[in-house]
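Have a look at the structure below, then the notes.
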Amino acid sequence: MMSKAAVGLAVGIAGIFVGYCFYFDQKRRSDPDFKKKLRERRRAKKQAQQKASSKILDLRDHEVVQKFFLQEVQLGEEMLAYGDVDSGIEHLANAVAVCGQPTQLLQVLQKTLPPDVFKTLVQRLPSVGQKLVMQTQMAEEDVE
């Protein structure tokens, strides 16, 4: 068993640590620029998310489509390797949607992906294709 002195020392150190945390948290929050910096960070993060989601793909430009395809395949493979299955499937579905020969790509993916992941990918393809068509139509309307 531990002696009373060791327990008392451990409790004292824990108390000092908690007090230290409270003191510096209070000092950080009372800083006049804290809220302004926090708002700026949140605003920048929100703008970055909007910018990423508002990328419109010009399907008429072959180089842009090819670059997008390769990027999406790479991102999909990376996400699946990291264990983020939903994001990986989303990126691979984007790649299949813009691919010139989707049946051949699906055959390769069927051989390389686990069956449950491939099934989810196939189920998600119609919605991704529809989303790309909608983005393209919106881009054409904006240009006109």
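Every chain in the structure tokens takes a letter, A first, then B, and so on in the order presented; its residues are numbered from 1, and the ligands are numbered from 1 following the presented order.
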Give me the residues within 10 Å of Gly76 of chain A as a PyMOL selection string, counting only C-alpha atoms and dropping any in the same chain fewer than 4 places off. chain A and resi 70-72+80-82+84-95
As an mmCIF file with N, CA, C and O atoms, in the first residue's frame, please: every residue in segment 53-115 of chain A that DSSP puts in helix (DSSP H, G or I).
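Below is the file that was written, selection04.cif:
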```cif
data_model
loop_
_atom_site.group_PDB
_atom_site.id
_atom_site.type_symbol
_atom_site.label_atom_id
_atom_site.label_comp_id
_atom_site.auth_asym_id
_atom_site.auth_seq_id
_atom_site.Cartn_x
_atom_site.Cartn_y
_atom_site.Cartn_z
ATOM 1 N N SER A 53 -16.216 23.172 -51.311
ATOM 2 C CA SER A 53 -17.454 22.556 -51.779
ATOM 3 C C SER A 53 -18.014 23.240 -53.021
ATOM 4 O O SER A 53 -18.861 22.683 -53.697
ATOM 5 N N HIS A 62 -10.936 18.531 -71.286
ATOM 6 C CA HIS A 62 -10.410 17.176 -71.065
ATOM 7 C C HIS A 62 -9.295 17.163 -70.021
ATOM 8 O O HIS A 62 -9.223 16.253 -69.188
ATOM 9 N N GLU A 63 -8.416 18.171 -70.037
ATOM 10 C CA GLU A 63 -7.306 18.203 -69.082
ATOM 11 C C GLU A 63 -7.801 18.375 -67.649
ATOM 12 O O GLU A 63 -7.282 17.745 -66.725
ATOM 13 N N VAL A 64 -8.808 19.223 -67.459
ATOM 14 C CA VAL A 64 -9.360 19.440 -66.124
ATOM 15 C C VAL A 64 -10.021 18.165 -65.617
ATOM 16 O O VAL A 64 -9.845 17.783 -64.457
ATOM 17 N N VAL A 65 -10.746 17.490 -66.491
ATOM 18 C CA VAL A 65 -11.421 16.248 -66.105
ATOM 19 C C VAL A 65 -10.392 15.175 -65.755
ATOM 20 O O VAL A 65 -10.541 14.462 -64.756
ATOM 21 N N GLN A 66 -9.332 15.082 -66.549
ATOM 22 C CA GLN A 66 -8.299 14.078 -66.289
ATOM 23 C C GLN A 66 -7.595 14.361 -64.962
ATOM 24 O O GLN A 66 -7.365 13.446 -64.169
ATOM 25 N N LYS A 67 -7.283 15.611 -64.716
ATOM 26 C CA LYS A 67 -6.628 15.982 -63.458
ATOM 27 C C LYS A 67 -7.548 15.692 -62.272
ATOM 28 O O LYS A 67 -7.121 15.149 -61.251
ATOM 29 N N PHE A 68 -8.835 16.037 -62.418
ATOM 30 C CA PHE A 68 -9.814 15.765 -61.371
ATOM 31 C C PHE A 68 -9.933 14.264 -61.125
ATOM 32 O O PHE A 68 -9.980 13.812 -59.981
ATOM 33 N N PHE A 69 -9.972 13.482 -62.195
ATOM 34 C CA PHE A 69 -10.087 12.032 -62.081
ATOM 35 C C PHE A 69 -8.916 11.447 -61.297
ATOM 36 O O PHE A 69 -9.100 10.677 -60.348
ATOM 37 N N LEU A 70 -7.707 11.818 -61.689
ATOM 38 C CA LEU A 70 -6.523 11.295 -61.005
ATOM 39 C C LEU A 70 -6.473 11.726 -59.537
ATOM 40 O O LEU A 70 -6.131 10.937 -58.652
ATOM 41 N N GLN A 71 -6.847 12.950 -59.286
ATOM 42 C CA GLN A 71 -6.869 13.465 -57.913
ATOM 43 C C GLN A 71 -7.877 12.701 -57.063
ATOM 44 O O GLN A 71 -7.592 12.322 -55.920
ATOM 45 N N GLU A 72 -9.054 12.451 -57.609
ATOM 46 C CA GLU A 72 -10.094 11.753 -56.857
ATOM 47 C C GLU A 72 -9.716 10.294 -56.595
ATOM 48 O O GLU A 72 -9.974 9.776 -55.515
ATOM 49 N N VAL A 73 -9.094 9.635 -57.578
ATOM 50 C CA VAL A 73 -8.658 8.252 -57.359
ATOM 51 C C VAL A 73 -7.613 8.212 -56.245
ATOM 52 O O VAL A 73 -7.675 7.375 -55.336
ATOM 53 N N GLN A 74 -6.663 9.133 -56.312
ATOM 54 C CA GLN A 74 -5.605 9.173 -55.298
ATOM 55 C C GLN A 74 -6.185 9.456 -53.915
ATOM 56 O O GLN A 74 -5.850 8.781 -52.930
ATOM 57 N N LEU A 75 -7.072 10.447 -53.824
ATOM 58 C CA LEU A 75 -7.675 10.768 -52.529
ATOM 59 C C LEU A 75 -8.512 9.605 -52.000
ATOM 60 O O LEU A 75 -8.503 9.314 -50.807
ATOM 61 N N GLY A 76 -9.248 8.954 -52.901
ATOM 62 C CA GLY A 76 -10.053 7.812 -52.491
ATOM 63 C C GLY A 76 -9.215 6.679 -51.927
ATOM 64 O O GLY A 76 -9.539 6.098 -50.888
ATOM 65 N N GLU A 77 -8.108 6.395 -52.591
ATOM 66 C CA GLU A 77 -7.218 5.338 -52.099
ATOM 67 C C GLU A 77 -6.594 5.712 -50.758
ATOM 68 O O GLU A 77 -6.485 4.881 -49.859
ATOM 69 N N GLU A 78 -6.190 6.969 -50.620
ATOM 70 C CA GLU A 78 -5.604 7.417 -49.353
ATOM 71 C C GLU A 78 -6.613 7.331 -48.211
ATOM 72 O O GLU A 78 -6.282 6.879 -47.111
ATOM 73 N N MET A 79 -7.833 7.780 -48.468
ATOM 74 C CA MET A 79 -8.869 7.753 -47.419
ATOM 75 C C MET A 79 -9.173 6.312 -47.004
ATOM 76 O O MET A 79 -9.344 6.033 -45.825
ATOM 77 N N LEU A 80 -9.239 5.422 -47.969
ATOM 78 C CA LEU A 80 -9.492 4.023 -47.631
ATOM 79 C C LEU A 80 -8.321 3.437 -46.855
ATOM 80 O O LEU A 80 -8.513 2.635 -45.935
ATOM 81 N N ALA A 81 -7.108 3.829 -47.205
ATOM 82 C CA ALA A 81 -5.928 3.335 -46.487
ATOM 83 C C ALA A 81 -5.913 3.820 -45.043
ATOM 84 O O ALA A 81 -5.481 3.099 -44.140
ATOM 85 N N TYR A 82 -6.401 5.037 -44.822
ATOM 86 C CA TYR A 82 -6.450 5.584 -43.462
ATOM 87 C C TYR A 82 -7.642 5.065 -42.667
ATOM 88 O O TYR A 82 -7.753 5.321 -41.480
ATOM 89 N N VAL A 85 -13.667 5.181 -44.678
ATOM 90 C CA VAL A 85 -14.330 4.503 -45.791
ATOM 91 C C VAL A 85 -15.307 5.421 -46.515
ATOM 92 O O VAL A 85 -15.334 5.456 -47.751
ATOM 93 N N ASP A 86 -16.110 6.196 -45.788
ATOM 94 C CA ASP A 86 -17.116 7.048 -46.425
ATOM 95 C C ASP A 86 -16.481 8.084 -47.353
ATOM 96 O O ASP A 86 -16.930 8.272 -48.483
ATOM 97 N N SER A 87 -15.454 8.756 -46.882
ATOM 98 C CA SER A 87 -14.781 9.752 -47.730
ATOM 99 C C SER A 87 -14.092 9.082 -48.910
ATOM 100 O O SER A 87 -14.106 9.605 -50.024
ATOM 101 N N GLY A 88 -13.491 7.935 -48.678
ATOM 102 C CA GLY A 88 -12.838 7.206 -49.760
ATOM 103 C C GLY A 88 -13.812 6.804 -50.840
ATOM 104 O O GLY A 88 -13.533 6.944 -52.045
ATOM 105 N N ILE A 89 -14.972 6.314 -50.429
ATOM 106 C CA ILE A 89 -16.000 5.917 -51.395
ATOM 107 C C ILE A 89 -16.498 7.141 -52.159
ATOM 108 O O ILE A 89 -16.719 7.077 -53.370
ATOM 109 N N GLU A 90 -16.666 8.250 -51.470
ATOM 110 C CA GLU A 90 -17.132 9.481 -52.126
ATOM 111 C C GLU A 90 -16.158 9.912 -53.219
ATOM 112 O O GLU A 90 -16.561 10.246 -54.335
ATOM 113 N N HIS A 91 -14.872 9.895 -52.917
ATOM 114 C CA HIS A 91 -13.870 10.297 -53.907
ATOM 115 C C HIS A 91 -13.809 9.304 -55.075
ATOM 116 O O HIS A 91 -13.716 9.712 -56.237
ATOM 117 N N LEU A 92 -13.867 8.018 -54.773
ATOM 118 C CA LEU A 92 -13.845 7.029 -55.850
ATOM 119 C C LEU A 92 -15.104 7.131 -56.720
ATOM 120 O O LEU A 92 -15.035 6.952 -57.941
ATOM 121 N N ALA A 93 -16.235 7.428 -56.113
ATOM 122 C CA ALA A 93 -17.472 7.600 -56.882
ATOM 123 C C ALA A 93 -17.357 8.816 -57.801
ATOM 124 O O ALA A 93 -17.832 8.776 -58.948
ATOM 125 N N ASN A 94 -16.739 9.884 -57.323
ATOM 126 C CA ASN A 94 -16.504 11.051 -58.186
ATOM 127 C C ASN A 94 -15.629 10.660 -59.381
ATOM 128 O O ASN A 94 -15.877 11.095 -60.506
ATOM 129 N N ALA A 95 -14.607 9.854 -59.126
ATOM 130 C CA ALA A 95 -13.711 9.423 -60.198
ATOM 131 C C ALA A 95 -14.455 8.572 -61.221
ATOM 132 O O ALA A 95 -14.289 8.752 -62.428
ATOM 133 N N VAL A 96 -15.289 7.664 -60.763
ATOM 134 C CA VAL A 96 -16.053 6.809 -61.674
ATOM 135 C C VAL A 96 -17.039 7.646 -62.474
ATOM 136 O O VAL A 96 -17.248 7.415 -63.673
ATOM 137 N N ALA A 97 -17.632 8.663 -61.848
ATOM 138 C CA ALA A 97 -18.629 9.493 -62.520
ATOM 139 C C ALA A 97 -18.032 10.282 -63.681
ATOM 140 O O ALA A 97 -18.713 10.524 -64.681
ATOM 141 N N VAL A 98 -16.778 10.707 -63.577
ATOM 142 C CA VAL A 98 -16.172 11.491 -64.655
ATOM 143 C C VAL A 98 -15.308 10.648 -65.579
ATOM 144 O O VAL A 98 -14.789 11.154 -66.569
ATOM 145 N N PRO A 102 -16.192 3.959 -67.456
ATOM 146 C CA PRO A 102 -16.504 3.580 -66.076
ATOM 147 C C PRO A 102 -16.613 2.079 -65.846
ATOM 148 O O PRO A 102 -16.293 1.607 -64.765
ATOM 149 N N THR A 103 -17.024 1.323 -66.859
ATOM 150 C CA THR A 103 -17.163 -0.121 -66.630
ATOM 151 C C THR A 103 -15.810 -0.772 -66.387
ATOM 152 O O THR A 103 -15.688 -1.649 -65.527
ATOM 153 N N GLN A 104 -14.797 -0.348 -67.123
ATOM 154 C CA GLN A 104 -13.468 -0.915 -66.911
ATOM 155 C C GLN A 104 -12.915 -0.517 -65.550
ATOM 156 O O GLN A 104 -12.299 -1.328 -64.854
ATOM 157 N N LEU A 105 -13.145 0.740 -65.160
ATOM 158 C CA LEU A 105 -12.691 1.183 -63.847
ATOM 159 C C LEU A 105 -13.411 0.425 -62.738
ATOM 160 O O LEU A 105 -12.797 0.008 -61.758
ATOM 161 N N LEU A 106 -14.706 0.198 -62.911
ATOM 162 C CA LEU A 106 -15.457 -0.560 -61.904
ATOM 163 C C LEU A 106 -14.969 -2.007 -61.809
ATOM 164 O O LEU A 106 -14.947 -2.579 -60.717
ATOM 165 N N GLN A 107 -14.575 -2.595 -62.933
ATOM 166 C CA GLN A 107 -14.034 -3.954 -62.885
ATOM 167 C C GLN A 107 -12.732 -4.004 -62.097
ATOM 168 O O GLN A 107 -12.512 -4.917 -61.298
ATOM 169 N N VAL A 108 -11.879 -3.004 -62.296
ATOM 170 C CA VAL A 108 -10.622 -2.946 -61.549
ATOM 171 C C VAL A 108 -10.900 -2.734 -60.064
ATOM 172 O O VAL A 108 -10.298 -3.392 -59.200
ATOM 173 N N LEU A 109 -11.830 -1.825 -59.768
ATOM 174 C CA LEU A 109 -12.159 -1.555 -58.364
ATOM 175 C C LEU A 109 -12.796 -2.773 -57.694
ATOM 176 O O LEU A 109 -12.576 -3.013 -56.506
ATOM 177 N N GLN A 110 -13.580 -3.529 -58.462
ATOM 178 C CA GLN A 110 -14.209 -4.721 -57.893
ATOM 179 C C GLN A 110 -13.153 -5.745 -57.477
ATOM 180 O O GLN A 110 -13.307 -6.424 -56.468
ATOM 181 N N LYS A 111 -12.070 -5.821 -58.227
ATOM 182 C CA LYS A 111 -11.008 -6.766 -57.904
ATOM 183 C C LYS A 111 -10.161 -6.293 -56.723
ATOM 184 O O LYS A 111 -9.619 -7.110 -55.989
ATOM 185 N N THR A 112 -10.039 -4.979 -56.574
ATOM 186 C CA THR A 112 -9.123 -4.459 -55.553
ATOM 187 C C THR A 112 -9.795 -4.093 -54.239
ATOM 188 O O THR A 112 -9.143 -4.104 -53.198
ATOM 189 N N PRO A 115 -15.562 -6.539 -50.854
ATOM 190 C CA PRO A 115 -16.915 -6.595 -51.428
ATOM 191 C C PRO A 115 -17.905 -5.592 -50.827
ATOM 192 O O PRO A 115 -18.692 -4.978 -51.557
#
```
